[in-house]
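Notes follow once the structure below has been shown.
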Amino acid sequence: MAAIALASASIAWGAPAPSAVVLAGPEPTMTVDAQTHRRECFVRYRFRARDTLEAIAEFYLREARDNGAVLLDDTATRIAGYRAITFTRHKFMFVTLSRQSGVVVGDVVFQPPGGCTAP
């Protein structure tokens with residue numbers, strides 16, 4: 001799992017929010033693109049945190065900015081207690097956040113910086 005650098009430095013790609021307690025993962029997965037037949041690798045993890053949904057979303061928005069990813073979609077406040085954020089452009093990350101019983105539960109799927117390392 002990528003680590004978070006000092007607060008004044010950039011946040012490593014795929015790092016969990018500082019208050020996150022990882023519940024599952026990191027779990028590497030691989031798919032093959034149907035058109036190009038290229039392998040695409042991803043890492044998934046699930047977490048819970050006591051921060052606000054907005055604070056955790058802002059963490060991932062900053063992480064994306066720090067790593068040159070482009071915001072593709074953000075549900076923002078369209079659905080109360082839920083937020084989905086998608087980043088793309090040579091770096092893919094999909095973050096879903098939901099407020100459940102006083103904590104935020106999140107799922108993150110991202111492409112690791114090194115790409116596929118499995119044969």
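How things are named: the first chain in the structure tokens is A, the next is B, and so on; residues count from 1 in each chain; ligands count from 1 in the order shown.
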(message) Report as a PyMOL selection string all protein, DNA and RNA residues lying within 10 Å of segment 103-115 of chain A, evaluated on only C-alpha atoms, omitting residues in the same chain fewer than 5 positions from it.
(response) chain A and resi 1-2+12-17+20-30+39-54+56-57+60+81-88+90-98
(request) Output as a PyMOL selection string all residues of segment 38-87 of chain A that backbone DSSP marks as alpha helix (DSSP H). (result) chain A and resi 53-66
If you keep N, CA and C atoms, can you produce a file of those selected residues as a PDB file, in the first residue's frame?
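The file below, selection.pdb, is the result:
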ATOM      1  N   LEU A  53     -17.630  12.967   5.516  1.00  0.00           N
ATOM      2  CA  LEU A  53     -17.598  12.530   4.120  1.00  0.00           C
ATOM      3  C   LEU A  53     -16.896  13.589   3.263  1.00  0.00           C
ATOM      4  N   GLU A  54     -17.169  14.854   3.531  1.00  0.00           N
ATOM      5  CA  GLU A  54     -16.565  15.942   2.768  1.00  0.00           C
ATOM      6  C   GLU A  54     -15.057  16.003   2.959  1.00  0.00           C
ATOM      7  N   ALA A  55     -14.570  15.788   4.186  1.00  0.00           N
ATOM      8  CA  ALA A  55     -13.130  15.823   4.457  1.00  0.00           C
ATOM      9  C   ALA A  55     -12.412  14.689   3.734  1.00  0.00           C
ATOM     10  N   ILE A  56     -13.015  13.521   3.729  1.00  0.00           N
ATOM     11  CA  ILE A  56     -12.391  12.383   3.043  1.00  0.00           C
ATOM     12  C   ILE A  56     -12.414  12.609   1.537  1.00  0.00           C
ATOM     13  N   ALA A  57     -13.518  13.117   1.012  1.00  0.00           N
ATOM     14  CA  ALA A  57     -13.586  13.418  -0.423  1.00  0.00           C
ATOM     15  C   ALA A  57     -12.519  14.436  -0.796  1.00  0.00           C
ATOM     16  N   GLU A  58     -12.334  15.462   0.022  1.00  0.00           N
ATOM     17  CA  GLU A  58     -11.312  16.482  -0.258  1.00  0.00           C
ATOM     18  C   GLU A  58      -9.917  15.873  -0.261  1.00  0.00           C
ATOM     19  N   PHE A  59      -9.671  14.901   0.614  1.00  0.00           N
ATOM     20  CA  PHE A  59      -8.374  14.218   0.624  1.00  0.00           C
ATOM     21  C   PHE A  59      -8.110  13.562  -0.736  1.00  0.00           C
ATOM     22  N   TYR A  60      -9.098  12.827  -1.253  1.00  0.00           N
ATOM     23  CA  TYR A  60      -8.901  12.147  -2.547  1.00  0.00           C
ATOM     24  C   TYR A  60      -8.829  13.133  -3.708  1.00  0.00           C
ATOM     25  N   LEU A  61      -9.553  14.235  -3.630  1.00  0.00           N
ATOM     26  CA  LEU A  61      -9.440  15.270  -4.666  1.00  0.00           C
ATOM     27  C   LEU A  61      -8.033  15.866  -4.672  1.00  0.00           C
ATOM     28  N   ARG A  62      -7.479  16.090  -3.484  1.00  0.00           N
ATOM     29  CA  ARG A  62      -6.106  16.617  -3.397  1.00  0.00           C
ATOM     30  C   ARG A  62      -5.102  15.583  -3.900  1.00  0.00           C
ATOM     31  N   GLU A  63      -5.304  14.334  -3.512  1.00  0.00           N
ATOM     32  CA  GLU A  63      -4.412  13.260  -3.971  1.00  0.00           C
ATOM     33  C   GLU A  63      -4.368  13.220  -5.496  1.00  0.00           C
ATOM     34  N   ALA A  64      -5.510  13.344  -6.119  1.00  0.00           N
ATOM     35  CA  ALA A  64      -5.579  13.331  -7.581  1.00  0.00           C
ATOM     36  C   ALA A  64      -4.847  14.534  -8.168  1.00  0.00           C
ATOM     37  N   ARG A  65      -5.093  15.719  -7.619  1.00  0.00           N
ATOM     38  CA  ARG A  65      -4.394  16.924  -8.099  1.00  0.00           C
ATOM     39  C   ARG A  65      -2.885  16.770  -7.964  1.00  0.00           C
ATOM     40  N   ASP A  66      -2.438  16.264  -6.813  1.00  0.00           N
ATOM     41  CA  ASP A  66      -1.003  16.097  -6.564  1.00  0.00           C
ATOM     42  C   ASP A  66      -0.356  15.129  -7.541  1.00  0.00           C
TER      43      ASP A  66
END
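Atom to atom, atom CA of Thr75 of chain A and atom CA of Arg99 of chain A stand 14.3 Å apart.
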(request) From a DSSP calculation on the backbone, collect every residue of chain A in strand (DSSP E) and output the set as a PyMOL selection string. (result) chain A and resi 21-32+39-49+70-74+82-88+93-100+103-110
